[in-house]
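Single-structure report; data block below.
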Amino acid sequence: MNRKLLSLALLGSTILGGAAAAEVTLTIESWRNDDLTLWQDKIIPAFEAANPDIKVKFTPSAPAEYNAVLNSKLDAGSAGDLITCRPFDASLALYDAGHLADLSDLVGMDNFSPVAKSAWQTDDAAASFCMPMASVIHGFIYNKDAFAELGLDIPETEEQFFAALETIKADGNYIPLAMGTNDQWEAATMGYNNIGPNYWKGEEGRLALIAGDQKLTDPQWVAPYETLAKWNEYLGDGYEAQTYPDSQNIFTLGRAAIYPAGSWEITGFNAQADFAMGAFKPPVMNAGDTCYISDHTDIALGMNAASPNAEAAKTFLNWMGTSEFASIYANALPGFFSLSNHDVAMEDPLAQEFVSWRGECESTIRSTYQVLSRGTPNLENETWGASVAAIKGSKSAADLGMELQTGLASWYAPQK
Amino acid sequence: MKRPRIKWHIVVFLAPAVLVYTAIMIFPLFNTLRLALYTEVDQVRHFVGLENFRTLFGNPHWSGQFWNALGNNMWFFFIHMIVQNPIGIALAAILSHPRLRFAALYRTAIFVPTILSFVIVGFAWKLILSPIWGITPDMLKAVGLKWLFAPYLGKEEYALTTLSLISVWQFVGIPMMLIYAALLAIPEEVLEAGEVDGITGFSAFWKIKLPLILPSIGIISILTFVANFNAFDLIYTTQGALAGPAFSTDILGTFMYRTFFGFQLQLGDPHMGSAIASGMFGIILIGVCIYLFGIQTRLRRYQF
């Protein structure tokens, strides 16, 4: 009814004078509250300057409520035109339910690599339904002052990594590794999936696992747990009850030397820490080995299939594929890296260090995110527990591999 | 013979309560029980009978989690019964002592945590017990007991007991208040009569007061039972939905929440979640029935 009135009014105005040319307003649904000012001050003005007849509104909701709010809005038909996509199954479910439009044909899509697009595609990669925005890269952030004080170099190999930890521990002034196991996910995300790709050779191992050619009991999947078990003695006292914010604070207060990190920490750490920080990538086995990094696809933008402003929404999505958008986004949010093939210049030195690894190493995503966490037991959640158990030493790496494999095989046909 | 007229005013006066209670309690309850009999395949809901329950109790992955949660819940309840209720009774007995000074102050101070939000209690205790910023390690060190300290909330063997004791700390005011009221209701004459027969002090408590407050203790036990088997908030705020470490603090409430609403990459499954909720309902129902028919009917009541 309202829309009819609006179009009548619009029609009337065109007939009368054509002054109010079809101006449409696009609404964006998002969980990124934190980015509100970025969108309002930078991204939207830049887009509107190039497309004066399209207005854009960014309307985020709270992260924890986003999925539920979005689902009810979509069912009620009141959702915005553009929808921020979570990676993998949450968005795939929306596409399967007909809420997200197929965007495979958009020219903007050509600016993204297959790995970047994989998080928002059907399993056979036939249809892409969200335009990739940003990824986060895993590695280690270290306290440069502490390293200089102890005369340490950046560790390249695992042997050097543990030698450095041993030196820091022997010195006694710094906690070698700032990580706890209370919240569980850090052990899996910043532990297992951070160092793991070097063992299972990134995409090669990840895809073989999905295809059923490799098993979680294979040495390349078990070995990272053995390495995690060795982290135990370099964590702080009482790490069992140390939470994620505890670890962040310990590091930014200068009490720890190395922080197993994701690049999303950069903004916060820049604001909190008053010492120089550097980053190094997950150490490889032997010097000269190919390195693999977890360059995890995290956020994308899709189009509401029921949007009345499909053309304008497509214009916006295509614009998101340009280098202009990539550069605004990456510089405003150091640590959220553009997924496009454009060469984006970033000013933040720490972010530059992280992104430079893309040139030296092979990129992959977290092993458990695509397909493998679809059933029950959920492989991602099981991996949290397994990584914690490995660090605490409560179970052996081989047993953990066996447990995870049994769980996965119980519902995932290619692994049976 | 005239048939008795329908007394319409009774219906009218009952209606609001019945309607509200039906809409927000009875309907959701039965709808949850009904939801447990369905499952969803490709966006379509199918009736599957008791299949969800067969998965819950037959599939080792599900049943392992269920029995673990139930076992933890039992322990949670056990700690409350042996710590919270005796302490509550003892506090009430002390408070009702006529010569105790500042009784009102103690009563208020002990009752205050009960009205605090779980979130505040959870975070406050998490900070107090934190090995990094907490005051517990320093306080224990000051009295030479540093060796007693462990990251309690992070160790499988201590976490559940620690959380139970935090919950006891929060709720000990409730049994205290109920017993206190029951103790005040005991007529002076009964105690005086006992005194004439030479029953004073401790033996007056054991032989006269305790038998008289037994019905209240029964009510408190059943309230504790229902509250403990519905517990969720404290565990969720301190340990998260995965109820770490290694599910050692997982109780039925957190297990149900995780299943129903999903967690991280695990999508929510309202049907399995409802099956667990039905299980919880059944357990609480059985517990309450055992109490009502097995215990309450045998309690002796005294009329003054």
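Ordering of the structure tokens sets the chain letters (A, B, ...); residue numbers start at 1 within each chain; ligands are numbered from 1 in the order shown.
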
Report task. Determine which residues of segment 241-306 of chain A receive a DSSP assignment of strand (DSSP E or B), computed from the backbone, and state them as a VMD selection string. Result -> chain A and resid 256 to 262 277 to 280 284 292 to 304

Writer output for current selection, N, CA, C and O atoms, as an mmCIF file, in the first residue's frame:
```
data_model
loop_
_atom_site.group_PDB
_atom_site.id
_atom_site.type_symbol
_atom_site.label_atom_id
_atom_site.label_comp_id
_atom_site.auth_asym_id
_atom_site.auth_seq_id
_atom_site.Cartn_x
_atom_site.Cartn_y
_atom_site.Cartn_z
ATOM 1 N N ALA A 256 53.408 -9.395 29.024
ATOM 2 C CA ALA A 256 53.687 -10.599 28.241
ATOM 3 C C ALA A 256 54.461 -10.218 26.986
ATOM 4 O O ALA A 256 54.389 -9.076 26.522
ATOM 5 N N ALA A 257 55.213 -11.181 26.448
ATOM 6 C CA ALA A 257 56.067 -10.875 25.303
ATOM 7 C C ALA A 257 55.380 -11.186 23.977
ATOM 8 O O ALA A 257 55.518 -10.453 23.010
ATOM 9 N N ILE A 258 54.644 -12.293 23.920
ATOM 10 C CA ILE A 258 54.048 -12.717 22.649
ATOM 11 C C ILE A 258 52.561 -12.966 22.849
ATOM 12 O O ILE A 258 52.142 -13.536 23.864
ATOM 13 N N TYR A 259 51.776 -12.524 21.866
ATOM 14 C CA TYR A 259 50.327 -12.718 21.939
ATOM 15 C C TYR A 259 49.878 -13.455 20.686
ATOM 16 O O TYR A 259 50.002 -12.932 19.585
ATOM 17 N N PRO A 260 49.379 -14.685 20.828
ATOM 18 C CA PRO A 260 48.837 -15.388 19.650
ATOM 19 C C PRO A 260 47.588 -14.635 19.206
ATOM 20 O O PRO A 260 46.651 -14.501 19.982
ATOM 21 N N ALA A 261 47.605 -14.133 17.980
ATOM 22 C CA ALA A 261 46.649 -13.076 17.650
ATOM 23 C C ALA A 261 45.851 -13.333 16.394
ATOM 24 O O ALA A 261 46.164 -14.197 15.579
ATOM 25 N N GLY A 262 44.833 -12.524 16.255
ATOM 26 C CA GLY A 262 44.153 -12.341 14.988
ATOM 27 C C GLY A 262 44.293 -10.870 14.672
ATOM 28 O O GLY A 262 44.389 -10.037 15.579
ATOM 29 N N MET A 277 55.032 -2.541 18.782
ATOM 30 C CA MET A 277 54.589 -3.915 18.531
ATOM 31 C C MET A 277 54.989 -4.351 17.133
ATOM 32 O O MET A 277 55.058 -3.537 16.212
ATOM 33 N N GLY A 278 55.263 -5.608 16.988
ATOM 34 C CA GLY A 278 55.514 -6.178 15.674
ATOM 35 C C GLY A 278 54.704 -7.445 15.551
ATOM 36 O O GLY A 278 54.031 -7.858 16.502
ATOM 37 N N ALA A 279 54.765 -8.058 14.374
ATOM 38 C CA ALA A 279 54.024 -9.300 14.197
ATOM 39 C C ALA A 279 54.899 -10.300 13.463
ATOM 40 O O ALA A 279 55.739 -9.911 12.649
ATOM 41 N N PHE A 280 54.745 -11.564 13.790
ATOM 42 C CA PHE A 280 55.396 -12.592 12.973
ATOM 43 C C PHE A 280 54.406 -13.688 12.653
ATOM 44 O O PHE A 280 53.455 -13.919 13.396
ATOM 45 N N VAL A 284 57.407 -22.068 10.653
ATOM 46 C CA VAL A 284 57.387 -23.289 9.844
ATOM 47 C C VAL A 284 58.320 -24.322 10.463
ATOM 48 O O VAL A 284 59.088 -24.018 11.376
ATOM 49 N N TYR A 292 52.173 -21.165 5.316
ATOM 50 C CA TYR A 292 50.730 -21.063 5.089
ATOM 51 C C TYR A 292 50.140 -20.200 6.191
ATOM 52 O O TYR A 292 50.525 -20.320 7.350
ATOM 53 N N ILE A 293 49.233 -19.317 5.827
ATOM 54 C CA ILE A 293 48.602 -18.494 6.864
ATOM 55 C C ILE A 293 47.087 -18.629 6.798
ATOM 56 O O ILE A 293 46.512 -18.900 5.757
ATOM 57 N N SER A 294 46.474 -18.449 7.945
ATOM 58 C CA SER A 294 45.025 -18.446 8.003
ATOM 59 C C SER A 294 44.553 -17.032 7.723
ATOM 60 O O SER A 294 44.760 -16.124 8.499
ATOM 61 N N ASP A 295 43.945 -16.848 6.547
ATOM 62 C CA ASP A 295 43.494 -15.537 6.082
ATOM 63 C C ASP A 295 41.983 -15.678 5.987
ATOM 64 O O ASP A 295 41.433 -15.939 4.932
ATOM 65 N N HIS A 296 41.338 -15.565 7.140
ATOM 66 C CA HIS A 296 39.982 -16.072 7.252
ATOM 67 C C HIS A 296 38.918 -15.093 6.780
ATOM 68 O O HIS A 296 38.824 -13.972 7.257
ATOM 69 N N THR A 297 38.097 -15.554 5.842
ATOM 70 C CA THR A 297 36.985 -14.756 5.320
ATOM 71 C C THR A 297 35.974 -14.528 6.431
ATOM 72 O O THR A 297 35.481 -15.467 7.031
ATOM 73 N N ASP A 298 35.661 -13.274 6.689
ATOM 74 C CA ASP A 298 34.896 -12.977 7.893
ATOM 75 C C ASP A 298 33.592 -12.251 7.621
ATOM 76 O O ASP A 298 32.604 -12.447 8.323
ATOM 77 N N ILE A 299 33.555 -11.353 6.629
ATOM 78 C CA ILE A 299 32.383 -10.488 6.488
ATOM 79 C C ILE A 299 32.139 -10.182 5.006
ATOM 80 O O ILE A 299 33.082 -10.060 4.226
ATOM 81 N N ALA A 300 30.861 -10.128 4.626
ATOM 82 C CA ALA A 300 30.501 -9.875 3.234
ATOM 83 C C ALA A 300 29.153 -9.161 3.201
ATOM 84 O O ALA A 300 28.525 -8.972 4.243
ATOM 85 N N LEU A 301 28.728 -8.767 2.001
ATOM 86 C CA LEU A 301 27.448 -8.078 1.886
ATOM 87 C C LEU A 301 26.615 -8.736 0.797
ATOM 88 O O LEU A 301 27.099 -8.958 -0.320
ATOM 89 N N GLY A 302 25.371 -9.044 1.124
ATOM 90 C CA GLY A 302 24.487 -9.678 0.159
ATOM 91 C C GLY A 302 23.256 -8.822 -0.083
ATOM 92 O O GLY A 302 23.079 -7.774 0.549
ATOM 93 N N MET A 303 22.406 -9.298 -1.006
ATOM 94 C CA MET A 303 21.225 -8.511 -1.348
ATOM 95 C C MET A 303 19.961 -9.267 -0.962
ATOM 96 O O MET A 303 19.812 -10.456 -1.270
ATOM 97 N N ASN A 304 19.064 -8.591 -0.285
ATOM 98 C CA ASN A 304 17.765 -9.144 0.066
ATOM 99 C C ASN A 304 17.016 -9.478 -1.226
ATOM 100 O O ASN A 304 16.792 -8.605 -2.062
#
```

Query raised in the report: Residues at most 12 Å from Glu156 of chain B, counting only C-alpha atoms, excluding those fewer than 3 positions away in the same chain, as a PyMOL selection string?
Result: (chain A and resi 181-182+240-241+388-389+392+394) or (chain B and resi 72+150-153+159-163+239+243-250)

Report task. Show me which bits of chain B are within 12 Å of chain A, counting only C-alpha atoms, as a PyMOL selection string. Result -> chain B and resi 42-44+55-56+59-62+64-65+123+126-134+137+149-159+236-248+258-259+261-269+272

Query - Per-residue DSSP, segment 254-285 of chain A, filtered to alpha helix (DSSP H), as a PyMOL selection string - result: chain A and resi 266-272

Take the residues from that selection and put them in a file with N, CA, C and O atoms, as a short mmCIF file (atom, residue, chain, number, x, y, z; two decimals), in the first residue's frame.
```cif
data_model
loop_
_atom_site.label_atom_id
_atom_site.label_comp_id
_atom_site.auth_asym_id
_atom_site.auth_seq_id
_atom_site.Cartn_x
_atom_site.Cartn_y
_atom_site.Cartn_z
N ILE A 266 44.37 -5.35 16.09
CA ILE A 266 45.27 -4.23 15.83
C ILE A 266 44.74 -2.90 16.35
O ILE A 266 45.43 -2.19 17.09
N THR A 267 43.50 -2.56 16.01
CA THR A 267 42.96 -1.26 16.43
C THR A 267 43.00 -1.12 17.96
O THR A 267 43.46 -0.11 18.48
N GLY A 268 42.51 -2.14 18.64
CA GLY A 268 42.48 -2.08 20.10
C GLY A 268 43.87 -2.00 20.69
O GLY A 268 44.13 -1.22 21.60
N PHE A 269 44.77 -2.81 20.19
CA PHE A 269 46.13 -2.83 20.73
C PHE A 269 46.84 -1.50 20.48
O PHE A 269 47.56 -1.00 21.34
N ASN A 270 46.63 -0.90 19.29
CA ASN A 270 47.25 0.40 19.01
C ASN A 270 46.81 1.43 20.04
O ASN A 270 47.59 2.28 20.46
N ALA A 271 45.54 1.35 20.45
CA ALA A 271 45.02 2.33 21.39
C ALA A 271 45.53 2.07 22.81
O ALA A 271 45.72 2.99 23.58
N GLN A 272 45.74 0.78 23.16
CA GLN A 272 46.05 0.43 24.55
C GLN A 272 47.53 0.37 24.87
O GLN A 272 47.95 0.77 25.95
#
```

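Shortest separation to Trp231 of chain A among A:Ala164, A:Ala273, A:Leu70, A:Leu177 occurs at residue A:Leu177, atoms counted being only C-alpha atoms.
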
Query raised in the report: So what do you get for atom CA of Leu116 of chain B versus atom CA of Pro245 of chain A, distance-wise?
Result: 23.8 Å
